[in-house]
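Taking it in order: structure first as structure tokens, then the write-up.
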Amino acid sequence: MRRPTRVATVAVASLGLLISATTAAAHPTHKEGEGKAAGFDLVQEDISPGGVPQEPMSDLRCEDGMAGDLFPCHKVDVASFTPLKDLGDSIWANDVWGWTDPQTGREYALAKLYEGTAFVDITDAANPVHLGVLPAAAEGSGNIWGDIKTYGNHAYIGSEAAGHGVQVFDLTRLRGVTSEQDWSEDTRITGVGQSHNLYVNEESASLYVVGSTRGVTAPGCADVDGGPIMYDLSSPGQPELAGCYGEDGYTHDIQCVEYAGPDTEHAGREICVASNEDTVTILDVTDKSAIDMLARVSYTTAAYTHQGWFTEDQAYFLLGDELDELTGTVDSTTTYVWDLQDLDNPVLRGADGSGNPSIDHNIFIKDGLAYQSNYTSGLRVMDTWKAEQGRLTERGFLDVYPNDDETKFAGTWGNYPYFESGKVVVTGVEEGLFVLEPRVKSSGEFGKK
């Protein structure tokens, strides 16, 4: 289904940017979890492999480079830690998202577990309350990969487990709950058998299901090869299929925005940046029945183009490659800074290396700061104010895997930094749920507000 196109292969050189065009080839065969799944033993231990005791903790202020006597840190405090054994007695956590009740203002962490999804009231950051677990969609459908996004007071929950589909849960059911309960889904999207990641564009009320390669029954979407399958969330509790796209094969992750950036040619359009294993692919999805590929670019150190996020001015896109550290195409944790001021002609402005050997995973941006979950080196908070120079500056961190910073799949999986209170929730895959409180600001315009 791939139409003829060309891939720009980009490299950062000491004297500037080298760009060469090569004939487009198919993406590498998707082998999600090869090597990665082997990093997790599915056994809950009294002390995690990262050296974290499975006991609740709270009020650990970062002082002199340590939070308590356990967690290396800089300007990030541990408000609380809830171990896996207190999250439905889970064997590990993967992704995490958040929801704030618009009526009560209470804040909730939604932690994806092997067994399902945990709901935790974190309004009192030092005293989180576990409200129970929504089980995975089918008996025996536990999986180490899952994702959660929210819209219209509903949670959308995907999993790599066969037959899971996407669960839909009305989050207002949590209102007034103060203790652990049994939960069930409200409905489920069954047009996909499994998925790898989800994304919600709140401005267009659209849900993007990506990485779905098995059990796809959504009409017209059987051959999308893991590309985006899109649902209209105008009625949040009843998603409706809006379209799908398979012209560029498997999409590992995606971010879509109502574009208001510097490229005036595309102003007001719905633009997606897809991380497609070995390329960054830019799509205009305004008309979901006629999606237009604007650009498709790669880079010389590509190993597994994983996930990324727009800066708030939509001029730059910070990208993480999950395997470049492991395969040795880079020397340390590397974030690629893409200049998207011309959406049709992306430019790699820089490849910022942290000097740390750990593998990067998920990146989210708020108020000029990039919150990066970097496996064994924990949550890293990077200032984006020099993005135009291809540079990032670390402002703070909290290492949830204190034993080491080795280049391996262990430690933190995801984070959610969008609570108005400033809390950031972080999952450690064999640790549990951390509620963190950073004390950092950007040196750019956001830091002056």
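Simple scheme: letters A, B, ... for chains in structure tokens order, numbers from 1 for residues in each chain, numbers from 1 for ligands in the order shown.
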
Considering only C-alpha atoms, return as a PyMOL selection string whatever protein or nucleic-acid residues lie within 8 Å of Leu241 in chain A, sequence-local ones (same chain, fewer than 6 positions apart) excluded. chain A and resi 218+229-232

Print the selection's residues with all heavy atoms to a file, as a PDB file, in the first residue's frame.
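Here's the written file result24.pdb:
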```pdb
ATOM      1  N   ALA A 218     -11.869  -3.498  11.984  1.00  0.00           N
ATOM      2  CA  ALA A 218     -12.474  -2.218  11.628  1.00  0.00           C
ATOM      3  C   ALA A 218     -12.596  -2.141  10.107  1.00  0.00           C
ATOM      4  O   ALA A 218     -11.622  -2.403   9.397  1.00  0.00           O
ATOM      5  CB  ALA A 218     -11.619  -1.066  12.155  1.00  0.00           C
ATOM      6  N   ILE A 229      -5.206   3.880  13.225  1.00  0.00           N
ATOM      7  CA  ILE A 229      -6.637   3.641  13.090  1.00  0.00           C
ATOM      8  C   ILE A 229      -7.310   4.688  13.970  1.00  0.00           C
ATOM      9  O   ILE A 229      -7.000   4.794  15.163  1.00  0.00           O
ATOM     10  CB  ILE A 229      -7.017   2.214  13.521  1.00  0.00           C
ATOM     11  CG1 ILE A 229      -6.261   1.192  12.659  1.00  0.00           C
ATOM     12  CG2 ILE A 229      -8.521   1.994  13.403  1.00  0.00           C
ATOM     13  CD1 ILE A 229      -6.458  -0.251  13.089  1.00  0.00           C
ATOM     14  N   MET A 230      -8.207   5.490  13.377  1.00  0.00           N
ATOM     15  CA  MET A 230      -8.677   6.715  14.021  1.00  0.00           C
ATOM     16  C   MET A 230     -10.149   6.601  14.408  1.00  0.00           C
ATOM     17  O   MET A 230     -10.969   6.095  13.636  1.00  0.00           O
ATOM     18  CB  MET A 230      -8.459   7.898  13.084  1.00  0.00           C
ATOM     19  CG  MET A 230      -6.986   8.136  12.783  1.00  0.00           C
ATOM     20  SD  MET A 230      -6.690   9.091  11.274  1.00  0.00           S
ATOM     21  CE  MET A 230      -6.842   7.804  10.024  1.00  0.00           C
ATOM     22  N   TYR A 231     -10.472   7.137  15.602  1.00  0.00           N
ATOM     23  CA  TYR A 231     -11.839   7.104  16.106  1.00  0.00           C
ATOM     24  C   TYR A 231     -12.272   8.503  16.521  1.00  0.00           C
ATOM     25  O   TYR A 231     -11.502   9.268  17.113  1.00  0.00           O
ATOM     26  CB  TYR A 231     -11.944   6.151  17.305  1.00  0.00           C
ATOM     27  CG  TYR A 231     -11.800   4.699  16.914  1.00  0.00           C
ATOM     28  CD1 TYR A 231     -10.539   4.111  16.802  1.00  0.00           C
ATOM     29  CD2 TYR A 231     -12.917   3.923  16.625  1.00  0.00           C
ATOM     30  CE1 TYR A 231     -10.396   2.781  16.414  1.00  0.00           C
ATOM     31  CE2 TYR A 231     -12.791   2.587  16.237  1.00  0.00           C
ATOM     32  CZ  TYR A 231     -11.528   2.028  16.136  1.00  0.00           C
ATOM     33  OH  TYR A 231     -11.382   0.709  15.752  1.00  0.00           O
ATOM     34  N   ASP A 232     -13.516   8.818  16.213  1.00  0.00           N
ATOM     35  CA  ASP A 232     -14.133  10.084  16.593  1.00  0.00           C
ATOM     36  C   ASP A 232     -14.660   9.962  18.024  1.00  0.00           C
ATOM     37  O   ASP A 232     -15.432   9.043  18.341  1.00  0.00           O
ATOM     38  CB  ASP A 232     -15.281  10.375  15.616  1.00  0.00           C
ATOM     39  CG  ASP A 232     -15.968  11.706  15.885  1.00  0.00           C
ATOM     40  OD1 ASP A 232     -15.697  12.337  16.921  1.00  0.00           O
ATOM     41  OD2 ASP A 232     -16.801  12.109  15.043  1.00  0.00           O
TER      42      ASP A 232
END
```

From a DSSP calculation on the backbone, collect every residue of range 98-346 of chain A in strand (DSSP E or B) and output the set as a ChimeraX atom specification. /A:98-100,107-113,116-121,129-135,146-151,154-159,166-170,181-182,187-189,197-201,206-210,229-232,240-244,253-258,270-275,277,280-284,292-299,305-310,316-321,334-339

Sorted per-residue table, range 34-110 of chain A near range 350-369 of chain A, closest atoms and distance, 12 Å, only C-alpha atoms, as CSV:
```
residue,atom,partner,partner_atom,distance
A:Lys36,CA,A:Ile359,CA,11.4
A:Asn94,CA,A:Asn362,CA,11.2
A:Asp95,CA,A:Asn362,CA,9.3
A:Val96,CA,A:Asn362,CA,10.7
A:Trp97,CA,A:Phe364,CA,11.2
```

Residue subset to file, keeping all heavy atoms, as a PDB file, in the first residue's frame:
```pdb
ATOM      1  N   LYS A  36      13.576  -7.094  24.922  1.00  0.00           N
ATOM      2  CA  LYS A  36      12.969  -6.270  25.952  1.00  0.00           C
ATOM      3  C   LYS A  36      12.175  -7.114  26.948  1.00  0.00           C
ATOM      4  O   LYS A  36      12.296  -6.950  28.156  1.00  0.00           O
ATOM      5  CB  LYS A  36      12.068  -5.238  25.297  1.00  0.00           C
ATOM      6  CG  LYS A  36      11.491  -4.199  26.232  1.00  0.00           C
ATOM      7  CD  LYS A  36      10.823  -3.119  25.415  1.00  0.00           C
ATOM      8  CE  LYS A  36      10.234  -2.051  26.293  1.00  0.00           C
ATOM      9  NZ  LYS A  36       9.643  -0.966  25.502  1.00  0.00           N
ATOM     10  N   ASN A  94       3.663  -0.643  33.518  1.00  0.00           N
ATOM     11  CA  ASN A  94       4.283  -0.089  32.314  1.00  0.00           C
ATOM     12  C   ASN A  94       3.924   1.389  32.191  1.00  0.00           C
ATOM     13  O   ASN A  94       4.495   2.207  32.865  1.00  0.00           O
ATOM     14  CB  ASN A  94       3.969  -0.928  31.067  1.00  0.00           C
ATOM     15  CG  ASN A  94       2.516  -1.293  30.898  1.00  0.00           C
ATOM     16  OD1 ASN A  94       1.674  -0.445  30.615  1.00  0.00           O
ATOM     17  ND2 ASN A  94       2.208  -2.572  31.073  1.00  0.00           N
ATOM     18  N   ASP A  95       2.944   1.754  31.380  1.00  0.00           N
ATOM     19  CA  ASP A  95       2.706   3.170  31.132  1.00  0.00           C
ATOM     20  C   ASP A  95       1.821   3.790  32.207  1.00  0.00           C
ATOM     21  O   ASP A  95       1.229   3.097  33.042  1.00  0.00           O
ATOM     22  CB  ASP A  95       2.088   3.372  29.747  1.00  0.00           C
ATOM     23  CG  ASP A  95       2.774   4.495  28.991  1.00  0.00           C
ATOM     24  OD1 ASP A  95       3.191   5.482  29.639  1.00  0.00           O
ATOM     25  OD2 ASP A  95       2.916   4.400  27.763  1.00  0.00           O
ATOM     26  N   VAL A  96       1.721   5.115  32.166  1.00  0.00           N
ATOM     27  CA  VAL A  96       0.934   5.835  33.167  1.00  0.00           C
ATOM     28  C   VAL A  96       0.373   7.097  32.526  1.00  0.00           C
ATOM     29  O   VAL A  96       0.980   7.686  31.627  1.00  0.00           O
ATOM     30  CB  VAL A  96       1.805   6.184  34.399  1.00  0.00           C
ATOM     31  CG1 VAL A  96       2.903   7.186  34.043  1.00  0.00           C
ATOM     32  CG2 VAL A  96       0.956   6.703  35.553  1.00  0.00           C
ATOM     33  N   TRP A  97      -0.812   7.493  32.973  1.00  0.00           N
ATOM     34  CA  TRP A  97      -1.404   8.757  32.533  1.00  0.00           C
ATOM     35  C   TRP A  97      -2.118   9.360  33.730  1.00  0.00           C
ATOM     36  O   TRP A  97      -2.023   8.831  34.851  1.00  0.00           O
ATOM     37  CB  TRP A  97      -2.342   8.514  31.358  1.00  0.00           C
ATOM     38  CG  TRP A  97      -2.512   9.714  30.457  1.00  0.00           C
ATOM     39  CD1 TRP A  97      -3.655  10.427  30.212  1.00  0.00           C
ATOM     40  CD2 TRP A  97      -1.490  10.332  29.673  1.00  0.00           C
ATOM     41  NE1 TRP A  97      -3.400  11.453  29.319  1.00  0.00           N
ATOM     42  CE2 TRP A  97      -2.075  11.422  28.975  1.00  0.00           C
ATOM     43  CE3 TRP A  97      -0.122  10.087  29.487  1.00  0.00           C
ATOM     44  CZ2 TRP A  97      -1.357  12.258  28.119  1.00  0.00           C
ATOM     45  CZ3 TRP A  97       0.607  10.919  28.639  1.00  0.00           C
ATOM     46  CH2 TRP A  97      -0.016  11.986  27.968  1.00  0.00           C
TER      47      TRP A  97
END
```

Best match for closeness to Gly65 in chain A among A:Gly414, A:Ala302, A:Met382, A:Asp77, counting only C-alpha atoms: A:Asp77

So that I can check the surroundings of range 198-211 of chain A, please list as a ChimeraX atom specification every protein, DNA and RNA residue that reaches within 10 Å of it, counting only C-alpha atoms and ignoring chain neighbours fewer than 2 positions away. /A:30,32,146-152,156-160,165-166,192,194-196,213-214,224-236,239-245,249-258,270,272,274,276,286

Which neighbours of range 437-442 of chain A fall inside 6 Å, counting only C-alpha atoms, when residues of the same chain fewer than 2 positions from it are skipped, and could you give them as an NGL selection string? :A and (75-77 or 368 or 383 or 423 or 444 or 447)

With C-alpha atoms kept, could you save the residues just selected as a compact mmCIF listing (two decimals), in the first residue's frame?
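Contents of again-v3.txt, freshly written:
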```txt
# COMPACT_ATOMS: atom_id res chain seq x y z
CA LYS A 75 15.68 19.32 42.45
CA VAL A 76 13.02 16.60 42.31
CA ASP A 77 11.37 15.39 45.52
CA GLY A 368 9.35 24.54 28.30
CA ASP A 383 15.07 22.54 29.43
CA LYS A 423 2.94 16.73 40.41
CA GLY A 444 13.01 30.38 28.45
CA GLY A 447 10.24 30.23 33.26
```

From the list A:Ala315, A:Ala260, A:Leu392, A:Ala79, which residue is nearest Leu340 in chain A when using only C-alpha atoms?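 So, comparing all the options, the nearest one is A:Ala315.
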
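The smallest atom-to-atom distance between Gln238 in chain A and any of A:Asp321, A:Val52, A:Cys62, A:Arg188, using only C-alpha atoms, is found for A:Arg188.
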
Using Å and a single decimal, report how far CA of Thr100 in chain A sits from CA of Glu180 in chain A.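 We find that CA of Glu180 in chain A and CA of Thr100 in chain A lie 18.7 Å from each other.
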
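Atom pair CA of Val435 in chain A / CA of Phe310 in chain A has a distance of 24.4 Å (rounded to one decimal).
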
Show me, as an MDAnalysis selection string, the residues that have an atom within 6 Å of Phe119 in chain A when counting only C-alpha atoms, minus same-chain residues fewer than 6 positions from it. chainID A and resid 110 131:132
